[in-house]
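Student: Below is work.txt; it holds compact mmCIF, C-alpha atoms.
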```
# COMPACT_ATOMS: atom_id res chain seq x y z
CA MET I 29 18.37 4.39 -12.19
CA GLN I 30 19.39 2.55 -9.04
CA PHE I 31 17.00 2.55 -6.09
CA ARG I 32 18.63 2.26 -2.72
CA VAL I 33 18.83 3.50 0.83
CA SER I 34 21.91 3.96 2.93
CA PRO I 35 24.27 0.93 2.82
CA ASN I 36 23.83 0.85 6.59
CA THR I 37 20.04 0.48 6.47
CA LEU I 38 20.04 -2.74 8.46
CA ALA I 39 22.35 -1.30 11.11
CA GLU I 40 20.20 1.82 11.37
CA CYS I 41 16.93 -0.12 11.83
CA SER I 42 15.56 -1.70 14.95
CA THR I 43 14.62 -5.38 14.76
CA GLU I 44 10.97 -4.40 14.50
CA GLU I 45 11.65 -1.90 11.71
CA TRP I 46 13.65 -4.41 9.70
CA GLN I 47 10.96 -7.09 10.08
CA ALA I 48 8.37 -4.60 8.84
CA ARG I 49 10.55 -3.89 5.80
CA VAL I 50 10.95 -7.62 5.10
CA ASP I 51 7.20 -8.23 5.40
CA LEU I 52 6.31 -5.25 3.21
CA ALA I 53 8.81 -6.37 0.58
CA ALA I 54 7.23 -9.84 0.73
CA ALA I 55 3.78 -8.30 0.22
CA HIS I 56 4.97 -6.53 -2.95
CA ARG I 57 6.55 -9.70 -4.36
CA LEU I 58 3.50 -11.79 -3.48
CA ALA I 59 1.12 -9.25 -5.00
CA TYR I 60 3.09 -9.43 -8.24
CA MET I 61 3.08 -13.25 -8.06
CA HIS I 62 -0.71 -13.26 -7.54
CA GLY I 63 -1.37 -10.83 -10.39
CA PHE I 64 -2.51 -7.94 -8.21
CA SER I 65 -0.05 -5.30 -9.49
CA GLU I 66 -0.41 -2.93 -12.44
CA GLY I 67 2.87 -1.81 -13.98
CA ILE I 68 4.79 0.51 -11.67
CA PHE I 69 1.64 1.99 -10.16
CA ASN I 70 -0.51 1.04 -7.15
CA HIS I 71 0.88 1.24 -3.64
CA LEU I 72 1.46 -0.85 -0.52
CA THR I 73 2.51 1.22 2.50
CA TYR I 74 3.07 0.70 6.21
CA VAL I 75 3.64 3.10 9.10
CA VAL I 76 7.21 2.93 10.43
CA PRO I 77 7.03 0.96 13.70
CA GLY I 78 7.15 3.14 16.78
CA ARG I 79 6.35 6.30 14.83
CA SER I 80 3.20 8.05 13.68
CA ASP I 81 4.83 10.64 11.43
CA ARG I 82 6.24 8.55 8.58
CA TYR I 83 5.51 5.49 6.49
CA TYR I 84 7.36 3.13 4.12
CA GLN I 85 6.94 3.61 0.36
CA ILE I 86 8.93 2.26 -2.59
CA PRO I 87 10.64 4.76 -4.92
CA PHE I 88 8.50 5.67 -7.90
CA GLY I 89 9.51 3.58 -10.90
CA MET I 90 10.39 0.42 -8.99
CA HIS I 91 8.58 -2.70 -10.16
CA TRP I 92 6.98 -4.83 -7.48
CA SER I 93 8.92 -7.89 -8.65
CA GLU I 94 12.22 -6.22 -7.64
CA VAL I 95 11.27 -4.80 -4.23
CA THR I 96 13.61 -5.67 -1.35
CA ALA I 97 13.56 -4.83 2.34
CA SER I 98 16.34 -2.25 1.98
CA CYS I 99 14.76 -0.26 -0.85
CA PHE I 100 11.98 1.51 1.06
CA MET I 101 11.94 5.23 1.59
CA GLU I 102 10.52 6.65 4.80
CA VAL I 103 8.10 9.41 3.82
CA GLY I 104 6.70 12.10 6.12
CA ILE I 105 2.97 11.74 6.62
CA ASP I 106 2.45 15.49 7.05
CA ASP I 107 4.76 16.83 4.34
CA GLY I 108 5.42 14.02 1.85
CA LEU I 109 9.19 14.48 2.07
CA VAL I 110 11.69 11.63 2.08
CA LYS I 111 13.09 11.28 5.60
CA ARG I 112 15.27 8.25 4.89
CA GLY I 113 16.15 6.56 1.62
CA GLU I 114 16.35 7.71 -1.94
CA GLY I 115 13.95 8.15 -4.85
CA ASP I 116 10.86 9.99 -5.98
CA VAL I 117 7.61 10.00 -3.99
CA GLU I 118 4.76 9.02 -6.30
CA ARG I 119 2.20 11.77 -5.73
CA SER I 120 -1.02 9.75 -5.76
CA CYS I 121 0.45 7.31 -3.25
CA TYR I 122 1.12 10.12 -0.82
CA CYS I 123 -2.26 11.78 -1.43
CA ILE I 124 -4.22 8.57 -0.85
CA HIS I 125 -2.17 6.80 1.80
CA ALA I 126 -0.83 9.49 4.13
CA PRO I 127 -4.29 10.86 5.09
CA ILE I 128 -5.64 7.34 5.64
CA HIS I 129 -2.67 6.40 7.83
CA LYS I 130 -3.19 9.62 9.79
CA ALA I 131 -6.96 9.39 10.22
CA LEU I 132 -7.57 5.70 10.91
CA PRO I 133 -6.00 3.84 13.85
CA GLN I 134 -6.58 0.47 12.16
CA ALA I 135 -4.67 1.60 9.05
CA LYS I 136 -1.04 0.94 9.90
CA ALA I 137 -0.96 -0.90 6.57
CA VAL I 138 -2.73 0.59 3.53
CA PHE I 139 -2.73 -1.52 0.36
CA HIS I 140 -4.16 -0.08 -2.86
CA THR I 141 -4.31 -2.09 -6.10
CA HIS I 142 -6.09 -2.29 -9.42
CA MET I 143 -6.61 -6.08 -9.18
CA PRO I 144 -8.50 -7.31 -12.25
CA PHE I 145 -11.54 -9.06 -10.79
CA ALA I 146 -12.28 -6.68 -7.91
CA SER I 147 -11.55 -3.68 -10.14
CA ALA I 148 -13.95 -5.09 -12.73
CA LEU I 149 -16.71 -5.04 -10.13
CA THR I 150 -15.97 -1.39 -9.35
CA ARG I 151 -16.87 -0.62 -12.99
CA LEU I 152 -20.40 -1.95 -12.54
CA GLU I 153 -23.48 0.03 -11.58
CA ASP I 154 -23.82 -2.36 -8.64
CA PRO I 155 -20.32 -3.40 -7.46
CA ARG I 156 -21.48 -4.99 -4.20
CA ILE I 157 -20.20 -8.38 -3.10
CA LYS I 158 -23.26 -10.61 -2.93
CA GLU I 159 -23.87 -12.96 0.00
CA ILE I 160 -23.70 -16.13 -2.08
CA GLY I 161 -21.05 -18.05 -0.12
CA GLN I 162 -19.43 -18.13 3.29
CA THR I 163 -16.29 -16.22 2.28
CA GLU I 164 -18.42 -13.50 0.71
CA VAL I 165 -20.51 -13.22 3.88
CA GLY I 166 -17.42 -13.12 6.07
CA MET I 167 -16.00 -10.22 4.09
CA SER I 168 -19.16 -8.28 3.33
CA GLY I 169 -19.36 -6.66 6.75
CA GLN I 170 -15.82 -5.32 6.34
CA ILE I 171 -16.43 -3.55 3.02
CA ALA I 172 -17.12 0.14 2.45
CA TYR I 173 -18.16 1.35 -0.98
CA ASP I 174 -17.17 4.68 -2.48
CA ASP I 175 -19.70 5.37 -5.22
CA GLU I 176 -18.00 8.45 -6.67
CA TYR I 177 -14.81 8.52 -8.72
CA THR I 178 -13.35 12.02 -8.55
CA GLY I 179 -10.34 11.61 -10.87
CA PRO I 180 -6.64 11.00 -10.18
CA ALA I 181 -5.67 11.65 -6.55
CA PHE I 182 -3.21 14.52 -6.61
CA ASP I 183 -4.48 16.29 -3.47
CA PRO I 184 -4.37 14.92 0.10
CA ALA I 185 -7.99 16.02 0.46
CA GLU I 186 -8.92 12.99 -1.63
CA GLY I 187 -7.19 10.65 0.81
CA ALA I 188 -8.97 12.35 3.70
CA ARG I 189 -12.29 11.85 1.90
CA LEU I 190 -11.52 8.16 1.33
CA ALA I 191 -10.61 7.77 5.02
CA ARG I 192 -14.07 9.06 5.92
CA VAL I 193 -15.67 6.59 3.51
CA ILE I 194 -13.71 3.68 5.01
CA GLY I 195 -14.62 4.63 8.57
CA ASP I 196 -14.44 1.51 10.74
CA LYS I 197 -14.28 -0.86 7.75
CA THR I 198 -11.13 -2.54 6.44
CA ILE I 199 -11.82 -2.88 2.69
CA LEU I 200 -12.76 -0.11 0.25
CA PHE I 201 -14.29 -0.56 -3.18
CA MET I 202 -13.34 2.58 -5.09
CA ALA I 203 -15.85 3.43 -7.82
CA ASN I 204 -14.50 3.03 -11.38
CA HIS I 205 -11.04 2.53 -9.89
CA GLY I 206 -9.77 -0.28 -7.65
CA ILE I 207 -9.52 -1.64 -4.14
CA SER I 208 -7.87 -0.57 -0.90
CA THR I 209 -7.44 -2.65 2.22
CA VAL I 210 -6.19 -1.53 5.62
CA GLY I 211 -4.92 -3.46 8.60
CA GLU I 212 -3.13 -3.25 11.90
CA THR I 213 -0.56 -5.61 10.38
CA ILE I 214 0.87 -6.26 6.94
CA ALA I 215 -0.44 -9.82 7.18
CA ALA I 216 -4.00 -8.64 7.83
CA ALA I 217 -4.00 -6.15 4.96
CA TYR I 218 -2.58 -8.71 2.54
CA ASP I 219 -5.01 -11.42 3.63
CA ARG I 220 -7.90 -9.05 2.91
CA LEU I 221 -6.40 -8.14 -0.46
CA TYR I 222 -6.09 -11.81 -1.37
CA TYR I 223 -9.59 -12.82 -0.34
CA VAL I 224 -11.43 -9.82 -1.73
CA GLU I 225 -9.95 -10.63 -5.14
CA ARG I 226 -10.99 -14.26 -4.73
CA VAL I 227 -14.61 -13.44 -3.87
CA ALA I 228 -14.75 -10.95 -6.75
CA GLN I 229 -13.41 -13.62 -9.11
CA VAL I 230 -15.94 -16.23 -7.95
CA GLN I 231 -18.81 -13.74 -8.22
CA ILE I 232 -17.83 -12.74 -11.74
CA TYR I 233 -17.51 -16.39 -12.77
CA ALA I 234 -20.98 -17.06 -11.33
CA MET I 235 -22.38 -14.00 -13.15
CA TRP I 236 -20.88 -15.23 -16.44
CA THR I 237 -23.16 -18.29 -16.38
CA GLY I 238 -26.13 -16.00 -16.90
CA GLN I 239 -28.03 -17.76 -14.14
CA ARG I 240 -29.47 -15.94 -11.13
CA LEU I 241 -27.13 -15.76 -8.16
CA LYS I 242 -28.29 -17.89 -5.23
CA GLN I 243 -28.54 -15.64 -2.19
CA LEU I 244 -27.98 -17.36 1.16
CA PRO I 245 -30.99 -17.27 3.52
CA ASP I 246 -30.91 -14.45 6.08
CA PRO I 247 -30.53 -16.78 9.12
CA VAL I 248 -27.52 -18.46 7.49
CA VAL I 249 -26.02 -15.08 6.62
CA GLU I 250 -26.40 -13.92 10.21
CA LYS I 251 -24.99 -17.16 11.64
CA THR I 252 -22.03 -17.05 9.28
CA ARG I 253 -21.36 -13.38 9.93
CA GLN I 254 -21.37 -13.94 13.70
CA SER I 255 -18.97 -16.82 13.26
CA PHE I 256 -16.49 -14.62 11.39
CA ALA I 257 -17.00 -11.70 13.78
CA GLY I 258 -16.30 -13.90 16.79
CA GLY I 259 -12.60 -13.96 16.03
CA SER I 260 -10.25 -16.87 15.70
CA MET I 261 -9.73 -19.74 18.09
CA TYR I 262 -6.14 -19.90 16.85
CA LYS I 263 -3.12 -17.91 17.97
CA PRO I 264 -1.67 -16.58 15.76
CA GLY I 265 -4.81 -16.09 13.71
CA PRO I 266 -5.54 -17.24 10.16
CA SER I 267 -4.35 -14.05 8.44
CA GLN I 268 -0.90 -14.28 10.03
CA ARG I 269 -0.69 -18.02 9.33
CA HIS I 270 -1.70 -17.40 5.72
CA PHE I 271 0.92 -14.70 5.26
CA ASP I 272 3.60 -16.82 6.92
CA ALA I 273 2.76 -19.69 4.55
CA LEU I 274 3.00 -17.37 1.55
CA LYS I 275 6.38 -16.10 2.77
CA ARG I 276 7.64 -19.69 2.99
CA ILE I 277 6.76 -20.11 -0.68
CA LEU I 278 8.52 -16.83 -1.45
CA ASP I 279 11.59 -17.89 0.53
CA ARG I 280 11.97 -20.84 -1.82
CA LYS I 281 11.32 -18.84 -4.99
CA GLU I 282 12.82 -15.40 -4.35
CA PRO I 283 14.79 -15.23 -1.08
CA ASP I 284 16.47 -11.97 -2.13
CA TYR I 285 13.37 -9.96 -1.12
CA ALA I 286 14.62 -10.03 2.49
CA THR I 287 17.86 -8.19 1.65
```
Before we go any further, please render this structure as structure tokens.
Tutor:
Amino acid sequence: MQFRVSPNTLAECSTEEWQARVDLAAAHRLAYMHGFSEGIFNHLTYVVPGRSDRYYQIPFGMHWSEVTASCFMEVGIDDGLVKRGEGDVERSCYCIHAPIHKALPQAKAVFHTHMPFASALTRLEDPRIKEIGQTEVGMSGQIAYDDEYTGPAFDPAEGARLARVIGDKTILFMANHGISTVGETIAAAYDRLYYVERVAQVQIYAMWTGQRLKQLPDPVVEKTRQSFAGGSMYKPGPSQRHFDALKRILDRKEPDYAT
């Protein structure tokens, strides 16, 4: 089966829309490169710029290693119908992502994966990220934990429930399941995806030693948390710079993602 949109996709898109497609395609390719993907499942979506009624989604059955900017469907947030493009709408993607996009202003990008290290933590009785290093502390205040797995998400009510659990946070640990990150930008959502997997990996490695984890003292935790919460002194910020650097690597390896 060939996955495609209209041959005139580029001509039909604004500059902002096309850049969003390029960045979202890059996120899929990078997630595959970093080992975040799981077969043809999991989902990275982004609200179509300038609209609040539709979002970008790849056709069901497309592997993340083959995603390009022109392949995305535009899917209606309220009805799940394809408004532009061609392919099948994977049901759990719509049921998780559309309600989150609709309910949360910070969720222009919604990235859901079954990354191995973070997903391993979600299988534990206590999946919490421990405050044992500065990256962990910087992320811990952004994380919401859903402690109840309710089964496969085939009803939008599940996405609405998850949106309530996320609230004002930007990372969701989904019990017995996986991870979701949200962001105002694709770069922000991907940066969170990358670092939450890293802190999960480090924590699991530390746990494997069998030694007690060394909790940072409360004053250091508070100081570190305030430092992260204070924002960046750089413009653009670290998440955008990180994503731009990753795209430069991708441009050398797989430049066709931007087609």
Student: Would you place a box with edges along x, y and z of the file around all atoms of segment 217-236 of chain I listed there, add 8 Å to each of its six sides, and report the centre and edge lengths in Å to one decimal, as AutoDock Vina command-line options?
Tutor:
```
--center_x -12.5 --center_y -11.6 --center_z -5.7 --size_x 35.8 --size_y 26.9 --size_z 37.4
```
Student: Point out the residue among I:Thr96, I:Thr237, I:Thr209, I:Gln243 with the least atom-to-atom distance to Tyr223 of chain I, counting all atoms listed in the file.
Tutor: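 Answer, going by the shortest atom-to-atom distance: I:Thr209.
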Student: Compile the contact shell of Arg269 of chain I as a compact mmCIF listing (two decimals) with C-alpha atoms, keeping the file's coordinate frame: residues with an atom at most 12 Å away, counting only C-alpha atoms, same-chain residues fewer than 4 positions apart removed.
Tutor:
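And here's result_22.txt as it stands now:
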```txt
# COMPACT_ATOMS: atom_id res chain seq x y z
CA ALA I 215 -0.44 -9.82 7.18
CA ALA I 216 -4.00 -8.64 7.83
CA TYR I 218 -2.58 -8.71 2.54
CA ASP I 219 -5.01 -11.42 3.63
CA SER I 260 -10.25 -16.87 15.70
CA TYR I 262 -6.14 -19.90 16.85
CA LYS I 263 -3.12 -17.91 17.97
CA PRO I 264 -1.67 -16.58 15.76
CA GLY I 265 -4.81 -16.09 13.71
CA ALA I 273 2.76 -19.69 4.55
CA LEU I 274 3.00 -17.37 1.55
CA LYS I 275 6.38 -16.10 2.77
CA ARG I 276 7.64 -19.69 2.99
```
Student: Grab the atom CA of His140 of chain I to atom CA of Gly67 of chain I distance for me, in Å with one decimal place.
Tutor: 13.3 Å
Student: Show me, as a list of chain:residue names, the residues that have an atom within 10 Å of Asp116 of chain I when counting only C-alpha atoms, minus same-chain residues fewer than 4 positions from it.
Tutor: I:Phe31, I:Gln85, I:Ile86, I:Pro87, I:Phe88, I:Gly89, I:Met101, I:Leu109, I:Val110
Student: List the neighbours of Thr178 of chain I out to 10 Å using only C-alpha atoms; skip same-chain residues closer than 5 positions along the sequence, and give me the result as a PyMOL selection string.
Tutor: chain I and resi 186+203-205
Student: Can you write out the residues you just picked, keeping C-alpha atoms, as a compact mmCIF listing (two decimals), in the coordinates of the input?
Tutor:
```txt
# COMPACT_ATOMS: atom_id res chain seq x y z
CA GLU I 186 -8.92 12.99 -1.63
CA ALA I 203 -15.85 3.43 -7.82
CA ASN I 204 -14.50 3.03 -11.38
CA HIS I 205 -11.04 2.53 -9.89
```
Student: Give one line per residue of segment 194-261 of chain I that approaches segment 70-79 of chain I to at most 10 Å, naming the two atoms of the closest pair and their distance in Å to one decimal, counting all atoms listed in the file; sort by chain then ascending residue number and deliver it as JSON lines.
Tutor:
```
{"residue": "I:Gly206", "atom": "CA", "partner": "I:Asn70", "partner_atom": "CA", "distance": 9.4}
{"residue": "I:Ile207", "atom": "CA", "partner": "I:Asn70", "partner_atom": "CA", "distance": 9.9}
{"residue": "I:Ser208", "atom": "CA", "partner": "I:Leu72", "partner_atom": "CA", "distance": 9.3}
{"residue": "I:Thr209", "atom": "CA", "partner": "I:Leu72", "partner_atom": "CA", "distance": 9.5}
{"residue": "I:Val210", "atom": "CA", "partner": "I:Tyr74", "partner_atom": "CA", "distance": 9.5}
{"residue": "I:Gly211", "atom": "CA", "partner": "I:Tyr74", "partner_atom": "CA", "distance": 9.3}
{"residue": "I:Glu212", "atom": "CA", "partner": "I:Tyr74", "partner_atom": "CA", "distance": 9.3}
{"residue": "I:Thr213", "atom": "CA", "partner": "I:Tyr74", "partner_atom": "CA", "distance": 8.4}
{"residue": "I:Ile214", "atom": "CA", "partner": "I:Tyr74", "partner_atom": "CA", "distance": 7.3}
{"residue": "I:Ala217", "atom": "CA", "partner": "I:Leu72", "partner_atom": "CA", "distance": 9.4}
{"residue": "I:Tyr218", "atom": "CA", "partner": "I:Leu72", "partner_atom": "CA", "distance": 9.4}
```
Student: One decimal, Å: what's the distance from atom CA of Ala55 of chain I over to atom CA of Phe139 of chain I, could you say?
Tutor: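 Answer for the atom CA of Ala55 of chain I to atom CA of Phe139 of chain I separation: 9.4 Å.
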Student: Using 7 Å as the limit and counting all atoms listed in the file, can you tabulate each residue of segment 167-224 of chain I that touches segment 123-132 of chain I, with its shortest atom-to-atom distance in Å and the two atoms involved, as a Markdown table?
Tutor:
```
| residue | atom | partner | partner_atom | distance |
| --- | --- | --- | --- | --- |
| I:Ala181 | CA | I:Cys123 | CA | 6.2 |
| I:Phe182 | CA | I:Cys123 | CA | 5.9 |
| I:Asp183 | CA | I:Cys123 | CA | 5.4 |
| I:Pro184 | CA | I:Cys123 | CA | 4.1 |
| I:Glu186 | CA | I:Ile124 | CA | 6.5 |
| I:Gly187 | CA | I:Ile124 | CA | 4.0 |
| I:Ala188 | CA | I:Pro127 | CA | 5.1 |
| I:Ala191 | CA | I:Ile128 | CA | 5.0 |
```
Student: What gap, in Å, lies between atom CA of Tyr84 of chain I and atom CA of Arg49 of chain I?
Tutor: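 One can read the atom CA of Tyr84 of chain I to atom CA of Arg49 of chain I distance as 7.9 Å.
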Student: Name the closest residue to Ser147 of chain I among the candidates I:Met202, I:Met167, I:Cys99, I:Val193; distances are taken between atoms, counting all atoms listed in the file.
Tutor: I:Met202
Student: For a quick check of understanding, using only C-alpha atoms, which of I:Ile232, I:Leu241, I:Lys158, I:Gly166 has the smallest distance to Ser255 of chain I?
Tutor: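 Smallest distance to Ser255 of chain I is found for I:Gly166.
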Student: Pick from I:Arg226, I:Arg192, I:Arg151, I:Lys197: nearest to His62 of chain I, with all atoms listed in the file counted?
Tutor: I:Arg226
Student: Could you check the closest approach to Thr287 of chain I for each of I:Tyr233, I:Ser65, I:Phe100, I:Ser80 and tell me which residue wins, using all atoms listed in the file?
Tutor: I:Phe100
Student: Rank nothing, just name the residue among I:Ile68, I:Met261, I:Ile171, I:Met90 nearest to Leu221 of chain I, using all atoms listed in the file.
Tutor: I:Ile171
Student: Quick one: residues within 9 Å of Ala228 of chain I, all atoms listed in the file counted, chain neighbours fewer than 6 positions away excluded, as a ChimeraX atom specification?
Tutor: /I:145-149,157,164
Student: Find the spatial neighbours of Gly63 of chain I, counting only C-alpha atoms, within a cut-off of 12 Å - ignore same-chain residues fewer than 2 positions away - and output them as a list in words.
Tutor: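 Counting only the stated atoms, we get His56, Arg57, Leu58, Ala59, Tyr60, Met61, Ser65, Glu66, Gly67, Trp92, Ser93, Thr141, His142, Met143, Pro144, Phe145, Ala146, Leu221, Tyr222, Glu225 and Arg226 of chain I.
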Student: Could segment 208-240 of chain I be completed with N, CA and C atoms and written as a PDB file, keeping the file's coordinate frame, please?
Tutor:
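Contents of result_10.pdb, freshly written:
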```
ATOM      1  N   SER I 208      -8.847  -0.828  -1.961  1.00  0.00           N
ATOM      2  CA  SER I 208      -7.870  -0.570  -0.900  1.00  0.00           C
ATOM      3  C   SER I 208      -8.240  -1.437   0.300  1.00  0.00           C
ATOM      4  N   THR I 209      -7.220  -1.962   0.953  1.00  0.00           N
ATOM      5  CA  THR I 209      -7.440  -2.650   2.220  1.00  0.00           C
ATOM      6  C   THR I 209      -6.558  -1.998   3.276  1.00  0.00           C
ATOM      7  N   VAL I 210      -6.997  -2.048   4.511  1.00  0.00           N
ATOM      8  CA  VAL I 210      -6.190  -1.530   5.620  1.00  0.00           C
ATOM      9  C   VAL I 210      -6.109  -2.604   6.693  1.00  0.00           C
ATOM     10  N   GLY I 211      -5.072  -2.493   7.526  1.00  0.00           N
ATOM     11  CA  GLY I 211      -4.920  -3.460   8.600  1.00  0.00           C
ATOM     12  C   GLY I 211      -3.951  -2.988   9.646  1.00  0.00           C
ATOM     13  N   GLU I 212      -4.089  -3.530  10.835  1.00  0.00           N
ATOM     14  CA  GLU I 212      -3.130  -3.250  11.900  1.00  0.00           C
ATOM     15  C   GLU I 212      -1.770  -3.857  11.577  1.00  0.00           C
ATOM     16  N   THR I 213      -1.789  -4.928  10.770  1.00  0.00           N
ATOM     17  CA  THR I 213      -0.560  -5.610  10.380  1.00  0.00           C
ATOM     18  C   THR I 213      -0.506  -5.752   8.869  1.00  0.00           C
ATOM     19  N   ILE I 214       0.694  -5.998   8.358  1.00  0.00           N
ATOM     20  CA  ILE I 214       0.870  -6.260   6.940  1.00  0.00           C
ATOM     21  C   ILE I 214       0.147  -7.544   6.564  1.00  0.00           C
ATOM     22  N   ALA I 215       0.231  -8.547   7.442  1.00  0.00           N
ATOM     23  CA  ALA I 215      -0.440  -9.820   7.180  1.00  0.00           C
ATOM     24  C   ALA I 215      -1.940  -9.643   7.020  1.00  0.00           C
ATOM     25  N   ALA I 216      -2.551  -8.843   7.890  1.00  0.00           N
ATOM     26  CA  ALA I 216      -4.000  -8.640   7.830  1.00  0.00           C
ATOM     27  C   ALA I 216      -4.407  -7.930   6.547  1.00  0.00           C
ATOM     28  N   ALA I 217      -3.665  -6.884   6.174  1.00  0.00           N
ATOM     29  CA  ALA I 217      -4.000  -6.150   4.960  1.00  0.00           C
ATOM     30  C   ALA I 217      -3.837  -7.028   3.728  1.00  0.00           C
ATOM     31  N   TYR I 218      -2.786  -7.857   3.713  1.00  0.00           N
ATOM     32  CA  TYR I 218      -2.580  -8.710   2.540  1.00  0.00           C
ATOM     33  C   TYR I 218      -3.631  -9.805   2.473  1.00  0.00           C
ATOM     34  N   ASP I 219      -3.981 -10.387   3.600  1.00  0.00           N
ATOM     35  CA  ASP I 219      -5.010 -11.420   3.630  1.00  0.00           C
ATOM     36  C   ASP I 219      -6.322 -10.870   3.064  1.00  0.00           C
ATOM     37  N   ARG I 220      -6.678  -9.658   3.431  1.00  0.00           N
ATOM     38  CA  ARG I 220      -7.900  -9.050   2.910  1.00  0.00           C
ATOM     39  C   ARG I 220      -7.791  -8.803   1.406  1.00  0.00           C
ATOM     40  N   LEU I 221      -6.619  -8.362   0.965  1.00  0.00           N
ATOM     41  CA  LEU I 221      -6.400  -8.140  -0.460  1.00  0.00           C
ATOM     42  C   LEU I 221      -6.601  -9.444  -1.234  1.00  0.00           C
ATOM     43  N   TYR I 222      -6.017 -10.502  -0.721  1.00  0.00           N
ATOM     44  CA  TYR I 222      -6.090 -11.810  -1.370  1.00  0.00           C
ATOM     45  C   TYR I 222      -7.542 -12.294  -1.462  1.00  0.00           C
ATOM     46  N   TYR I 223      -8.253 -12.235  -0.354  1.00  0.00           N
ATOM     47  CA  TYR I 223      -9.590 -12.820  -0.340  1.00  0.00           C
ATOM     48  C   TYR I 223     -10.634 -11.942  -1.020  1.00  0.00           C
ATOM     49  N   VAL I 224     -10.457 -10.637  -1.030  1.00  0.00           N
ATOM     50  CA  VAL I 224     -11.430  -9.820  -1.730  1.00  0.00           C
ATOM     51  C   VAL I 224     -11.309 -10.047  -3.237  1.00  0.00           C
ATOM     52  N   GLU I 225     -10.105 -10.300  -3.720  1.00  0.00           N
ATOM     53  CA  GLU I 225      -9.950 -10.630  -5.140  1.00  0.00           C
ATOM     54  C   GLU I 225     -10.561 -11.994  -5.445  1.00  0.00           C
ATOM     55  N   ARG I 226     -10.406 -12.936  -4.523  1.00  0.00           N
ATOM     56  CA  ARG I 226     -10.990 -14.260  -4.730  1.00  0.00           C
ATOM     57  C   ARG I 226     -12.520 -14.204  -4.787  1.00  0.00           C
ATOM     58  N   VAL I 227     -13.143 -13.482  -3.860  1.00  0.00           N
ATOM     59  CA  VAL I 227     -14.610 -13.440  -3.870  1.00  0.00           C
ATOM     60  C   VAL I 227     -15.113 -12.687  -5.098  1.00  0.00           C
ATOM     61  N   ALA I 228     -14.362 -11.664  -5.532  1.00  0.00           N
ATOM     62  CA  ALA I 228     -14.750 -10.950  -6.750  1.00  0.00           C
ATOM     63  C   ALA I 228     -14.648 -11.882  -7.957  1.00  0.00           C
ATOM     64  N   GLN I 229     -13.593 -12.681  -8.008  1.00  0.00           N
ATOM     65  CA  GLN I 229     -13.410 -13.620  -9.110  1.00  0.00           C
ATOM     66  C   GLN I 229     -14.537 -14.643  -9.152  1.00  0.00           C
ATOM     67  N   VAL I 230     -14.873 -15.228  -8.009  1.00  0.00           N
ATOM     68  CA  VAL I 230     -15.940 -16.230  -7.950  1.00  0.00           C
ATOM     69  C   VAL I 230     -17.272 -15.604  -8.353  1.00  0.00           C
ATOM     70  N   GLN I 231     -17.540 -14.389  -7.881  1.00  0.00           N
ATOM     71  CA  GLN I 231     -18.810 -13.740  -8.220  1.00  0.00           C
ATOM     72  C   GLN I 231     -18.906 -13.474  -9.711  1.00  0.00           C
ATOM     73  N   ILE I 232     -17.808 -13.000 -10.300  1.00  0.00           N
ATOM     74  CA  ILE I 232     -17.830 -12.740 -11.740  1.00  0.00           C
ATOM     75  C   ILE I 232     -18.009 -14.031 -12.523  1.00  0.00           C
ATOM     76  N   TYR I 233     -17.324 -15.100 -12.109  1.00  0.00           N
ATOM     77  CA  TYR I 233     -17.510 -16.390 -12.770  1.00  0.00           C
ATOM     78  C   TYR I 233     -18.973 -16.839 -12.679  1.00  0.00           C
ATOM     79  N   ALA I 234     -19.573 -16.678 -11.499  1.00  0.00           N
ATOM     80  CA  ALA I 234     -20.980 -17.060 -11.330  1.00  0.00           C
ATOM     81  C   ALA I 234     -21.880 -16.196 -12.224  1.00  0.00           C
ATOM     82  N   MET I 235     -21.586 -14.902 -12.317  1.00  0.00           N
ATOM     83  CA  MET I 235     -22.380 -14.000 -13.150  1.00  0.00           C
ATOM     84  C   MET I 235     -22.268 -14.367 -14.627  1.00  0.00           C
ATOM     85  N   TRP I 236     -21.091 -14.859 -15.033  1.00  0.00           N
ATOM     86  CA  TRP I 236     -20.880 -15.230 -16.440  1.00  0.00           C
ATOM     87  C   TRP I 236     -21.798 -16.351 -16.900  1.00  0.00           C
ATOM     88  N   THR I 237     -22.273 -17.183 -15.981  1.00  0.00           N
ATOM     89  CA  THR I 237     -23.160 -18.290 -16.380  1.00  0.00           C
ATOM     90  C   THR I 237     -24.495 -17.773 -16.888  1.00  0.00           C
ATOM     91  N   GLY I 238     -24.841 -16.551 -16.509  1.00  0.00           N
ATOM     92  CA  GLY I 238     -26.130 -16.000 -16.900  1.00  0.00           C
ATOM     93  C   GLY I 238     -27.272 -16.441 -16.012  1.00  0.00           C
ATOM     94  N   GLN I 239     -26.994 -17.323 -15.072  1.00  0.00           N
ATOM     95  CA  GLN I 239     -28.030 -17.760 -14.140  1.00  0.00           C
ATOM     96  C   GLN I 239     -28.146 -16.763 -12.978  1.00  0.00           C
ATOM     97  N   ARG I 240     -29.277 -16.802 -12.289  1.00  0.00           N
ATOM     98  CA  ARG I 240     -29.470 -15.940 -11.130  1.00  0.00           C
ATOM     99  C   ARG I 240     -28.542 -16.399 -10.006  1.00  0.00           C
TER     100      ARG I 240
END
```
